[in-house]
Amino acid sequence: MSLSAALGGSLGLLVCLALHPALGTHTKRDYCVLGAGPAGLQMAAFLQRAGRDYEVFERAPAAGSFFTRYPRHRKLISINKRYTGKRNAEFNLRHDWNSLLSPDPRLLFRHYSRAYFPDAGDMVRYLRDFADRLGLRVQYNTDIVHVTLEKDRRAWNGHYFILTNQKGQLYRCSVLLVATGLSVPNHVDFPGSEHAEGYESVSVDPEDFVGQNVLILGRGNSAFETAENILGVTNFIHMLSRSRVRLSWATHYVGDLRAINNGLLDTYQLKSLDGLLESDLRDLAIVKDARGKFHITLKFFLEETNASQSANAIPLPQDDNDNFAMRVAYDRVIRCLGWNFDFSIFNQSLRLSSGSEFGKKYPLIRASYESKGSRGLFILGTASHSVDYRKSAGGFIHGFRYTVRAVHRLLEHRHHGTAWPCTEHPITQLTNSIVRRINEASGLYQMFGVLADIILLKENATRFEYLEEFPMQMLAQLETLTGRTAKHGLFVINMEYGKNFSGPDKDVFFQDRSVGHTEDAWQSNFLHPVIYYYRDLPTEQEVRFRPAHWALPRPTAIHHIVEDFLTDWTAPVGHILPLRRFLENCLDTDLRSFYAESCFLFALTHRKLPPFCQQGYLQMQGLMSTQSLREHGVESGLLRDYATMGQVLEDSGQQHDDQEPVGLPLATGQLIQSLSSNKEEL
Amino acid sequence: MASDLRVLSSGVFFVVMCILYKSTEDPLPELSPQNYLSTLQPGKASLAYFCHIDFPSTSVVLDQLREAVSPLQDYGVSVAKVNCAEEETSRYCGKEKELLKAYLFRGNVLLREFPVDTLFDVNAIVAHVLFALLFNEVKYITTLEDLQNVENTVKGKADMIFSYVRAIGTPEHRAVMGAAFVYGTTYQFVLTTETGLLESVGSEDIEHAHLYFFHCQLVSDLAQPCRRTLMGQPVTTLNIHVFVKTMKAPLLTEVAEDPQQVSTVHLQLGLPLVFIVSQKATYEADRRTAEWVAWHLLGKAGVLLLLRDSLEVSIPQYTNVVFKRAEKEVPVEFLVLPDVDSIISYVENHMHLEEIPENEDSDLEEPDLDIQDDEVAETVYRDRKRELPLELTVELTEETFNATVVASDSVVLFYAGWQAVSMAFLQSYIDVAVKLKGTSAVLLARINCADWSDVCSKQNVTAFPAVKMYKKGENPVSYAGMLGPEGLLKFIQLNRISCPVNIASVQEAEEYLNGELYEDLVNYSSLSALGLFSPTMTVAKEDFTEAGNYLKGCVLTGIYSGEDAWILANKYAATLPALLLARHEDGKIESVPLAGTRAQDVVQMVTGAARETFPEITVENLPTYLRLQKPLLILFSDGSINPQYRKAILTLVEHEHSDSFTPGWLNLKNTPVGRGVLQVYFGRLPPLPLLVLVNLHSNGQVFAFPSDRPINEQNLALWLKKLKVGLENHIKILPAQEWKPPLPAHDFLSMMDAAAAQPPPGKALGCGKAAPVQENEKEQHEDELARRKEPVETLRIKHWNRKETEKSLRPHKEL
């Protein structure tokens with residue numbers, strides 16, 4: 001039914017499109033999405049579900065065009081774990097790095113590939129299905145060549161984004177969502193760089209490399225993927241990069257070198273002829289000799305001599321230094337230096353600039369994924385990775401599917417008055433809500449350190465609201481971004497690795513790397529839940545100037561749930577009990593659960609009841625115990641056997657209650673009698 | 001020239017030092033010998049450390065001295081560092097190679113000289129200086145004879161404070177000297193370090209410092225020894241102060257006012273008060289008791305004699321001791337204690353004197369935070385290995401959920417496998433399944449939301465456990481009753497018929513009212529409600545139907561709107577629209593007019609009617625009666641009650657007191673936890689039957705009907721009347737405390753701070769591939785042990801708060 005409605009919608013759209021150019025006006029859209037890759041489609045899916053006026057522009061004739069060519073060797077390194085032993089769909093997404101979020105269980109990537117590291121072609125098929133099944137409004141073959149701003153006070157953001165396509169057609173958008181990825185191959189300029197073949201065009205047929213000496217520039221996954229492909233047929237492969245290789249198992253960052261690609265490391269360290277070298281490319285030069293072989297020399301040697309000189313006359317390092325590592329001649333030089341964002345289509349007025357920190361790779365954005373330069377311009381997907389570059393998964397499908405959702409939620413509140421979705425619960429459900437999320441939530445798990453769950457306490461802390469996956473660096477602006485109030489204290493639930501555990505040169509397999517005791521939980525190394533308690537919402541200043549290596553400003557109190565080998569944090573004593581104690585002490589209340597019988601006793605002997613009895617038993621929803629549970633309770637000493645209490649008391653008069661002294665009450669006169677026996681002691 | 005430079009550079013060094021320390025400490029003045037000696041003022045004490053300008057190894061001493069500047073200033077002692085230049089001639093400067101010394105002057109008179117090694121830390125410095133200055137006030141003794149001599153000289157004149165410290169210069173010594181500085185003129189201080197002497201005074205624990213108060217002032221006879229009181233707390237400045245203050249307070253005070261209002265010096269010092277309740281008849285004996293208690297609690301609590309007869313407020317009848325904690329908000333406790341020893345032990349167990357963590361390595365026993373104190377979690381965990389007959393319920397999945405729920409009328413339990421409350425309820429659910437096995441058309445199903453969270457959230461289930469009933473063509477109904485088998489069974493059974501059920505004829509209506517129509521359901525609903533309408537009363541019918549829907553699963557409701565409905569109305573003396581309420585227990589049928597009654601009010605009426613006037617109170621139904629917000633009049637009985645009592649109370653209710661309380665009775669055989677209630681009220685199990693009035697909602701007072709009087713209407717009426725005008729004493733006041741965290745939590749923030757302040761060796765922080773593993777293994781193991789022995793930092797949030805504010809005062813490093 002929804003499909004047919006969507007079809008109807010897109011038909012109507014076609015009519016609009018046909019009409020507007022004829023009238024010579026802009027096509028108007030509330031939301032324009034650039035790019036029908038995973039991030040663009042993901043955003044479209046959310047906009048579609050919310051019934052928003054949107055359009056996706058894609059220059060290729062179909063969705064997911066990047067994956068039609070890349071990765072060149074066709075093997076995706078995002079895992080497609082089809083079996084986890086668990087049936088929880090949300091949990092299983094923790095180990096599904098390829099699916100986009102949708103309510104349709106058929107749109108799970110495991111239905112598209114059986115391979116653990118799937119073929120890129122399957123991704124293309126998946127993305128096209130995703131767009132079709134959900135009936136997303138995508139205009140293919142539409143290349144947006146220019147984006148500019150038009151000031152208008154009536155616009156949502158004080159301006160419209162004017163998009164021009166390759167045919168000169170104009171689109172006027174209230175919000176612009178850029179999901180164009182990183183599409184421009186990165187070039188490093190040095191003398192002779194023109195001799196290098198690019199990753200984007202180099203042959204993928206190993207036959208073309210038989211018996212060759214190959215130099216690969218770069219040390220990312222594309223460089224290693226290229227090496228892996230030809231490792232068996234070349235004489236040797238040398239790999240050159242500015243800094244040392246970063247292994248993803250040590251950094252816990254999926255963008256670093258993955259074990260699946262690291263065959264060359266193995267052969268290098270096992271004294272094969274392959275090898276890794278570190279040097280800044282910009283200091284080097286490549287010289288092509290008469291036989292078409294390439295020699296490595298230093299740039300300043302070149303500057304000293306006349307550029308027009310023949311290759312043989314150019315000084316080489318080995319002339320002076322006869323054991324120079326790269327003194328052999330190479331048959332091929334391959335450049336695998338990564339990708340950059342395409343800034344070229346954006347007019348200056350958008351003030352979309354590149355961040356300086358990581359070079360020119362990514363556009364500069366806030367933690368809310370909104371451009372720092374223009375309000376209403378959001379960067380989604382791979383291009384938004386500056387927020388968590390080398391930290392979390394925001395540059396990859398399994399991460400940005402959640403950040404896209406966060407952006408969508410922000411937009412829903414900003415423009416449609418829909419507050420950030422939340423569920424409200426009585427305080428007795430506090431521990432449960434947290435335990436549930438830390439055990440199944442995928443967004444928290446993938447986007448650790450970036451997206452966090454927020455618990456907003458209501459007045460008197462009797463109820464709370466639970467907000468999922470909020471961009472935690474925007475914590476100070478939570479109220480304006482979500483439309484919720486945080487006046488009475490809040491908890492932030494984040495997932496973290498141990499503070500000094502991850503890093504390029506860290507040995508992550510050291511002895512005693514895991515802790516098991518609850519009191520050592522703060523020293524946990526593997527990814528584990530951390531709960532921050534703030535009595536007041538932190539200010540922007542506090543977030544910005546938080547202590548080094550802290551994900552958030554210093555909280556009022558903090559709790560670490562001890563790391564777990566199975567990432568199953570449901571152990572009653574190891575995980576839940578310490579969490580409950582933490583929450584109790586933050587809220588200064590008793591969060592234990594009680595059987596109805598205990599609540600009955602409290603109700604008749606206390607004027608106040610613990611929250612569990614108040615919100616359960618007193619509402620006539622008390623929990624009745626069963627015979628077997630009661631017996632265990634008596635055995636553990638937590639419950640009393642009231643049925644036999646009378647006898648014990650009458651028999652010996654020795655039974656002691658933990659609260660009240662027991663025994664025959666004596667009038668004051670009787671007190672005196674017992675005194676006489678004590679008198680001698682004085 | 002060279003030495004000048006050195007002077008200059010060390011001068012610069014000290015300027016830097018001063019700046020560095022300025023923020024936290026008073027500067028240590030530095031003077032030349034001449035300058036120093038000229039600053040000495042008559043009568044003022046001064047400690048000077050003489051050292052060579054270029055003597056670098058003395059910095060440890062200097063650091064300690066610097067720290068001592070401020071504490072010594074509190075005692076009026078100034079501190080200085082005197083720099084001896086090489087050519088210096090002052091005799092205090094000594095020879096170059098000699099160890100240098102510190103000197104204590106009063107005015108310009110040299111009192112003592114201290115070798116540097118005696119001044120090893122601040123405590124030692126302060127202790128030594130005060131010891132020298134208070135030479136006359138504090139007698140240092142070594143033998144028992146010395147002690148007796150001093151004791152004899154002060155008898156009848158003053159009290160004496162005797163203390164044993166393990167060594168001179170210890171923190172305890174400093175604490176004693178500090179006390180002597182304040183109280184030295186009032187009390188005779190005696191100090192020893194001899195363990196033999198301590199043993200002869202009566203203590204065998206020579207590991208710790210001890211302080212005794214000798215009550216010598218009262219002693220007139222030289223042959224009589226002075227009474228002694230041992231200070232129970234560790235010897236610290238604050239504890240000594242508190243101790244001495246309590247020694248000065250009167251031993252016993254008589255009061256005749258509300259204990260809640262009484263305040264003495266003890267309360268201000270954080271000590272509790274013990275009131276011995278006395279009455280005229282036994283005054284003398286009570287006073288002796290109180291004195292005895294007072295001597296035994298000296299230094300631990302204040303003891304007062306409370307004269308009951310002249311008291312304006314009432315205290316519970318049997319109370320013989322009133323205990324008042326030092327904490328302000330805590331109400332006084334009225335106790336019934338069997339003997340004087342239990343008074344002492346009660347006080348000692350309930351002192352709650354706030355521990356002042358002056359001594360960091362005190363071996364206080366930490367509560368074990370890892371012991372489960374949640375009864376539900378613990379019992380479910382202990383029961384985890386028992387196999388339940390789960391096969392009696394259908395386990396649903398995402399795939400089967402919708403199909404199952406659509407295919408047949410079904411009840412679904414939503415639970416989470418990891419959640420204790422869910423799992424406890426699952427047992428009751430299975431019990432119901434066992435009871436319904438083969439008899440019910442309703443399918444019992446369950447779904448584990450830990451696996452199928454999507455299904456649960458689609459069904460709007462956000463908290464576990466939850467039960468919903470799915471019936472064809474109807475909206476699912478959520479179960480909102482007790483999480484136990486009885487309530488659930490009732491819900492399931494009553495939901496078999498629609499609510500309200502349509503009655504076809506007058507004949508059927510009669511059968512419905514007398515319980516024949518749904519014979520098997522009458523067990524579950526003590527009340528059948530029937531709405532009577534003429535066919536045209538559509539609005540009233542709608543309202544009633546809405547009410548019926550709301551009452552689904554609680555009460556049987558039916559609706560009849562035939563043309564001949566007036567026949568029934570006439571029969572039960574009602575006018576249409578009307579509500580007939582049939583109580584099956586006694587067969588009574590009551591009619592209520594329904595004209596203009598909204599659905600909400602209908603619900604109120606029916607639930608009100610479902611409440612009994614003199615119910616047996618059970619765990620399940622107590623909340624229903626608590627809702628009335630009235631005092632409860634409960635007759636506790638071991639077994640069923642005497643019908644006469646029932647009659648007496650019912651007539652009482654009918655006659656006069658129907659609105660002032662909720663009557664009920666409690667059968668201890670059915671509700672054994674009632675024994676627990678009685679024990680709290682009486683401190684024991686009183687003879688039964690017993691009538692108790694519990695004022696839960698206002699002041700928490702509990703009154704007991706005198707057990708020696710027969711329970712009849714007159715006696716009850718009289719008793720209630722007396723209660724009303726305040727002539728009866730309550731036996732107990734129920735506490736109104738909030739429920740606080742049962743135990744503290746691990747304070748990870750402080751642990752992280754501590755670790756940041758001094759990084760522990762190696763691996764815990766993942767410094768990685770350090771030295772060869774084999775060599776390190778043993779060390780690491782020891783590290784591990786040492787780490788585990790560290791006291792767990794367990795501070796409550798309140799303490800966190802305090803630290804937080806301290807922190808914010810400090811400048812931010814990050815800024």
# chains A, B, ... in the order shown; residues from 1 in each chain; ligands from 1

$ residues_around --residues "range 44-61 of chain A" --least-positions-apart "6" --cutoff "8 Å" --atoms "only C-alpha atoms" --output "list in words"
Arg29, Asp30, Tyr31, Cys32, Val33, Leu34, Gly35, Ala36, Ser102, Leu134, Leu136, Arg137, Val138, Gln139, Tyr140, Asn141, Thr142, Asp143, Ile144, Arg405 and His408 of chain A

$ write_last_selection --atoms "N, CA and C atoms" --output "PDB file, in the first residue's frame"
ATOM      1  N   ARG A  29      11.842  22.851  -3.459  1.00  0.00           N
ATOM      2  CA  ARG A  29      11.850  21.681  -2.575  1.00  0.00           C
ATOM      3  C   ARG A  29      12.232  22.141  -1.174  1.00  0.00           C
ATOM      4  N   ASP A  30      11.615  21.486  -0.168  1.00  0.00           N
ATOM      5  CA  ASP A  30      12.064  21.768   1.194  1.00  0.00           C
ATOM      6  C   ASP A  30      13.451  21.174   1.420  1.00  0.00           C
ATOM      7  N   TYR A  31      13.626  19.962   0.944  1.00  0.00           N
ATOM      8  CA  TYR A  31      14.899  19.287   1.167  1.00  0.00           C
ATOM      9  C   TYR A  31      15.476  18.820  -0.158  1.00  0.00           C
ATOM     10  N   CYS A  32      16.733  19.175  -0.409  1.00  0.00           N
ATOM     11  CA  CYS A  32      17.426  18.661  -1.576  1.00  0.00           C
ATOM     12  C   CYS A  32      18.610  17.843  -1.100  1.00  0.00           C
ATOM     13  N   VAL A  33      18.730  16.660  -1.644  1.00  0.00           N
ATOM     14  CA  VAL A  33      19.827  15.778  -1.260  1.00  0.00           C
ATOM     15  C   VAL A  33      20.726  15.611  -2.469  1.00  0.00           C
ATOM     16  N   LEU A  34      22.013  15.837  -2.300  1.00  0.00           N
ATOM     17  CA  LEU A  34      22.955  15.657  -3.404  1.00  0.00           C
ATOM     18  C   LEU A  34      23.592  14.291  -3.281  1.00  0.00           C
ATOM     19  N   GLY A  35      23.370  13.454  -4.250  1.00  0.00           N
ATOM     20  CA  GLY A  35      24.018  12.147  -4.281  1.00  0.00           C
ATOM     21  C   GLY A  35      23.100  11.041  -3.839  1.00  0.00           C
ATOM     22  N   ALA A  36      22.985  10.007  -4.677  1.00  0.00           N
ATOM     23  CA  ALA A  36      22.176   8.842  -4.328  1.00  0.00           C
ATOM     24  C   ALA A  36      23.082   7.675  -3.965  1.00  0.00           C
ATOM     25  N   SER A 102      15.998   0.704   7.558  1.00  0.00           N
ATOM     26  CA  SER A 102      14.663   0.793   6.982  1.00  0.00           C
ATOM     27  C   SER A 102      13.773  -0.153   7.755  1.00  0.00           C
ATOM     28  N   LEU A 134      11.692   1.375  -1.533  1.00  0.00           N
ATOM     29  CA  LEU A 134      11.124   2.417  -0.684  1.00  0.00           C
ATOM     30  C   LEU A 134      10.526   3.538  -1.517  1.00  0.00           C
ATOM     31  N   LEU A 136      11.973   5.881  -3.274  1.00  0.00           N
ATOM     32  CA  LEU A 136      12.611   7.164  -2.971  1.00  0.00           C
ATOM     33  C   LEU A 136      12.609   8.051  -4.213  1.00  0.00           C
ATOM     34  N   ARG A 137      12.442   9.334  -3.988  1.00  0.00           N
ATOM     35  CA  ARG A 137      12.392  10.276  -5.102  1.00  0.00           C
ATOM     36  C   ARG A 137      13.802  10.681  -5.504  1.00  0.00           C
ATOM     37  N   VAL A 138      14.329  10.029  -6.505  1.00  0.00           N
ATOM     38  CA  VAL A 138      15.680  10.333  -6.962  1.00  0.00           C
ATOM     39  C   VAL A 138      15.621  10.760  -8.411  1.00  0.00           C
ATOM     40  N   GLN A 139      16.244  11.885  -8.741  1.00  0.00           N
ATOM     41  CA  GLN A 139      16.371  12.296 -10.140  1.00  0.00           C
ATOM     42  C   GLN A 139      17.726  11.857 -10.624  1.00  0.00           C
ATOM     43  N   TYR A 140      17.753  10.836 -11.440  1.00  0.00           N
ATOM     44  CA  TYR A 140      19.037  10.367 -11.956  1.00  0.00           C
ATOM     45  C   TYR A 140      19.454  11.225 -13.139  1.00  0.00           C
ATOM     46  N   ASN A 141      20.670  11.004 -13.570  1.00  0.00           N
ATOM     47  CA  ASN A 141      21.227  11.753 -14.709  1.00  0.00           C
ATOM     48  C   ASN A 141      21.121  13.256 -14.498  1.00  0.00           C
ATOM     49  N   THR A 142      21.130  13.658 -13.259  1.00  0.00           N
ATOM     50  CA  THR A 142      21.039  15.083 -12.966  1.00  0.00           C
ATOM     51  C   THR A 142      22.297  15.493 -12.226  1.00  0.00           C
ATOM     52  N   ASP A 143      23.142  16.188 -12.917  1.00  0.00           N
ATOM     53  CA  ASP A 143      24.417  16.586 -12.340  1.00  0.00           C
ATOM     54  C   ASP A 143      24.298  18.020 -11.847  1.00  0.00           C
ATOM     55  N   ILE A 144      24.349  18.182 -10.554  1.00  0.00           N
ATOM     56  CA  ILE A 144      24.296  19.545 -10.015  1.00  0.00           C
ATOM     57  C   ILE A 144      25.684  20.138 -10.195  1.00  0.00           C
ATOM     58  N   ARG A 405      20.427   9.677  10.602  1.00  0.00           N
ATOM     59  CA  ARG A 405      19.168   9.665  11.350  1.00  0.00           C
ATOM     60  C   ARG A 405      19.147  10.799  12.377  1.00  0.00           C
ATOM     61  N   HIS A 408      18.382  13.933  10.629  1.00  0.00           N
ATOM     62  CA  HIS A 408      16.965  13.973  10.291  1.00  0.00           C
ATOM     63  C   HIS A 408      16.120  14.357  11.506  1.00  0.00           C
TER      64      HIS A 408
END

$ interface_residues --of "chain A" --to "chain B" --cutoff "6 Å" --atoms "only C-alpha atoms" --output "PyMOL selection string"
chain A and resi 87-88+501+507+558+570+581-582+584-586+588-590+592+600-601+605-608+610+618+620-624+629+632-633+638+642-643+662+665-666+668+671+674

$ write_last_selection --atoms "N, CA and C atoms" --output "CSV table (one decimal), in the first residue's frame"
chain,number,residue,atom,x,y,z
A,87,ARG,N,18.9,-13.1,18.0
A,87,ARG,CA,17.7,-12.9,17.1
A,87,ARG,C,17.3,-11.4,17.1
A,88,ASN,N,17.9,-10.7,18.0
A,88,ASN,CA,17.6,-9.3,18.1
A,88,ASN,C,18.1,-8.5,16.9
A,501,PHE,N,44.0,2.7,25.4
A,501,PHE,CA,44.0,1.3,24.8
A,501,PHE,C,44.3,1.4,23.3
A,507,ASP,N,50.2,-2.1,21.6
A,507,ASP,CA,50.0,-3.6,21.6
A,507,ASP,C,48.7,-3.9,22.3
A,558,ILE,N,30.5,9.3,37.5
A,558,ILE,CA,30.6,8.5,36.3
A,558,ILE,C,30.5,7.0,36.7
A,570,THR,N,24.4,-8.3,30.9
A,570,THR,CA,23.2,-8.5,31.6
A,570,THR,C,23.4,-9.3,32.9
A,581,ARG,N,23.5,0.6,41.7
A,581,ARG,CA,24.0,1.4,42.9
A,581,ARG,C,24.4,2.8,42.4
A,582,PHE,N,25.0,2.8,41.2
A,582,PHE,CA,25.4,4.2,40.7
A,582,PHE,C,24.2,5.0,40.5
A,584,GLU,N,21.2,4.8,41.9
A,584,GLU,CA,20.6,5.1,43.2
A,584,GLU,C,21.4,6.2,43.9
A,585,ASN,N,22.7,6.2,43.8
A,585,ASN,CA,23.4,7.2,44.5
A,585,ASN,C,23.4,8.6,43.8
A,586,CYS,N,23.2,8.5,42.5
A,586,CYS,CA,23.0,9.8,41.8
A,586,CYS,C,21.7,10.4,42.2
A,588,ASP,N,19.8,9.5,44.8
A,588,ASP,CA,19.6,9.5,46.2
A,588,ASP,C,18.3,8.8,46.6
A,589,THR,N,18.1,7.6,46.0
A,589,THR,CA,16.9,6.9,46.3
A,589,THR,C,17.2,5.4,46.2
A,590,ASP,N,16.2,4.6,46.5
A,590,ASP,CA,16.4,3.1,46.5
A,590,ASP,C,15.7,2.5,45.3
A,592,ARG,N,15.8,-0.7,44.3
A,592,ARG,CA,15.6,-2.1,44.3
A,592,ARG,C,14.2,-2.5,43.9
A,600,PHE,N,3.9,-4.7,51.0
A,600,PHE,CA,2.8,-4.7,52.0
A,600,PHE,C,3.3,-4.4,53.3
A,601,LEU,N,4.4,-5.0,53.7
A,601,LEU,CA,5.0,-4.7,55.0
A,601,LEU,C,5.4,-3.3,55.1
A,605,THR,N,4.1,-0.2,57.6
A,605,THR,CA,5.1,0.2,58.7
A,605,THR,C,5.9,1.4,58.3
A,606,HIS,N,5.7,2.0,57.2
A,606,HIS,CA,6.5,3.2,56.8
A,606,HIS,C,5.5,4.2,56.2
A,607,ARG,N,5.8,5.4,56.3
A,607,ARG,CA,5.0,6.4,55.7
A,607,ARG,C,5.4,6.7,54.3
A,608,LYS,N,6.6,6.3,53.9
A,608,LYS,CA,7.0,6.5,52.5
A,608,LYS,C,7.4,5.1,52.0
A,610,PRO,N,9.5,2.7,48.9
A,610,PRO,CA,10.5,2.8,47.8
A,610,PRO,C,9.8,2.9,46.5
A,618,LEU,N,1.5,-0.1,44.9
A,618,LEU,CA,0.4,0.9,45.3
A,618,LEU,C,-0.5,1.1,44.1
A,620,MET,N,-1.6,-1.2,42.4
A,620,MET,CA,-2.2,-2.5,42.3
A,620,MET,C,-1.5,-3.3,41.2
A,621,GLN,N,-0.2,-3.1,41.0
A,621,GLN,CA,0.6,-3.9,40.0
A,621,GLN,C,1.8,-4.5,40.7
A,622,GLY,N,1.6,-4.9,42.0
A,622,GLY,CA,2.7,-5.5,42.7
A,622,GLY,C,3.1,-6.8,42.1
A,623,LEU,N,4.4,-7.2,42.4
A,623,LEU,CA,4.9,-8.5,41.9
A,623,LEU,C,4.7,-9.5,43.0
A,624,MET,N,3.9,-10.5,42.7
A,624,MET,CA,3.7,-11.6,43.6
A,624,MET,C,4.8,-12.6,43.5
A,629,LEU,N,10.4,-19.1,44.7
A,629,LEU,CA,11.1,-17.9,44.8
A,629,LEU,C,11.2,-17.5,46.3
A,632,HIS,N,13.9,-19.4,48.1
A,632,HIS,CA,15.2,-18.9,47.8
A,632,HIS,C,15.5,-17.6,48.5
A,633,GLY,N,14.4,-16.8,48.7
A,633,GLY,CA,14.6,-15.5,49.4
A,633,GLY,C,14.9,-15.8,50.8
A,638,LEU,N,17.3,-12.5,52.4
A,638,LEU,CA,16.6,-11.3,51.9
A,638,LEU,C,15.2,-11.2,52.3
A,642,TYR,N,7.6,-15.5,57.3
A,642,TYR,CA,6.7,-15.0,58.3
A,642,TYR,C,5.8,-16.1,58.8
A,643,ALA,N,5.6,-17.2,58.0
A,643,ALA,CA,4.7,-18.2,58.4
A,643,ALA,C,5.2,-18.9,59.7
A,662,VAL,N,13.9,-7.3,69.7
A,662,VAL,CA,12.8,-8.2,70.0
A,662,VAL,C,12.9,-8.7,71.4
A,665,PRO,N,8.5,-6.8,76.2
A,665,PRO,CA,8.6,-5.4,76.6
A,665,PRO,C,8.5,-5.2,78.1
A,666,LEU,N,9.3,-4.5,78.6
A,666,LEU,CA,9.3,-4.3,80.1
A,666,LEU,C,8.9,-2.9,80.4
A,668,THR,N,9.0,0.4,82.8
A,668,THR,CA,10.2,1.0,83.3
A,668,THR,C,10.6,0.4,84.7
A,671,LEU,N,12.7,-2.6,84.3
A,671,LEU,CA,14.0,-2.2,83.9
A,671,LEU,C,15.0,-2.1,85.1
A,674,SER,N,16.4,-5.5,86.5
A,674,SER,CA,17.6,-6.1,85.9
A,674,SER,C,18.8,-5.3,86.2

$ select_by_dssp --residues "range 197-326 of chain A" --states "helix (DSSP H, G or I)" --output "number ranges by chain"
A: 206-209, 221-230, 248-251, 259-261, 263-269, 281-283, 299-304, 311-313, 317-320

$ residues_around --residues "Leu276 in chain A" --least-positions-apart "2" --cutoff "10 Å" --atoms "only C-alpha atoms" --output "JSON, numbers by chain"
{"A": [215, 216, 219, 237, 238, 239, 240, 241, 244, 245, 264, 265, 268, 269, 274, 278]}

$ select_by_dssp --residues "range 364-465 of chain A" --states "strand (DSSP E)" --output "list of chain:residue names"
A:Leu377, A:Phe378, A:Ile379, A:Cys422, A:Thr423, A:Glu424, A:His425, A:Pro426, A:Leu451, A:Ala452, A:Asp453, A:Ile454, A:Ile455, A:Leu456, A:Leu457, A:Arg463, A:Phe464, A:Glu465

$ atom_distance --atom1 "CA of Asp536 in chain A" --atom2 "CA of Leu609 in chain A"
27.2 Å

$ residues_around --residues "range 229-232 of chain B" --least-positions-apart "4" --cutoff "8 Å" --atoms "only C-alpha atoms" --output "list in words"
His210, Leu211, Tyr212, Phe213, Phe214, His215, Ile240, Phe243, Leu298 and Gly299 of chain B

$ closest_residue --among "A:Asp289, A:Leu231, A:Leu177, A:Gln348" --to "His146 in chain A" --atoms "only C-alpha atoms"
A:Gln348

$ closest_residue --among "B:Pro577, B:Gly438, B:Pro259, B:Pro706" --to "Leu311 in chain B" --atoms "only C-alpha atoms"
B:Pro259

$ residues_around --residues "Ala595 in chain B" --least-positions-apart "4" --cutoff "10 Å" --atoms "only C-alpha atoms" --output "VMD selection string"
chain B and resid 533 537 540 575 to 579

$ residues_around --residues "Asn439 in chain A" --least-positions-apart "5" --cutoff "8 Å" --atoms "only C-alpha atoms" --output "JSON, numbers by chain"
{"A": [91, 567, 568, 569, 570]}

$ decode --residues "range 448-452 of chain A" --atoms "N, CA, C and O atoms" --output "compact mmCIF listing (two decimals), in the first residue's frame"
# COMPACT_ATOMS: atom_id res chain seq x y z
N PHE A 448 30.39 4.91 18.72
CA PHE A 448 30.87 5.17 20.07
C PHE A 448 31.62 6.50 20.10
O PHE A 448 32.31 6.85 19.15
N GLY A 449 31.41 7.24 21.16
CA GLY A 449 32.10 8.52 21.29
C GLY A 449 31.49 9.63 20.46
O GLY A 449 31.96 10.77 20.52
N VAL A 450 30.49 9.32 19.64
CA VAL A 450 29.88 10.35 18.79
C VAL A 450 28.40 10.49 19.10
O VAL A 450 27.91 11.56 19.41
N LEU A 451 27.70 9.37 19.04
CA LEU A 451 26.28 9.38 19.37
C LEU A 451 26.11 8.74 20.74
O LEU A 451 26.71 7.70 21.03
N ALA A 452 25.31 9.37 21.56
CA ALA A 452 25.09 8.84 22.91
C ALA A 452 23.61 8.92 23.24
O ALA A 452 22.90 9.78 22.73
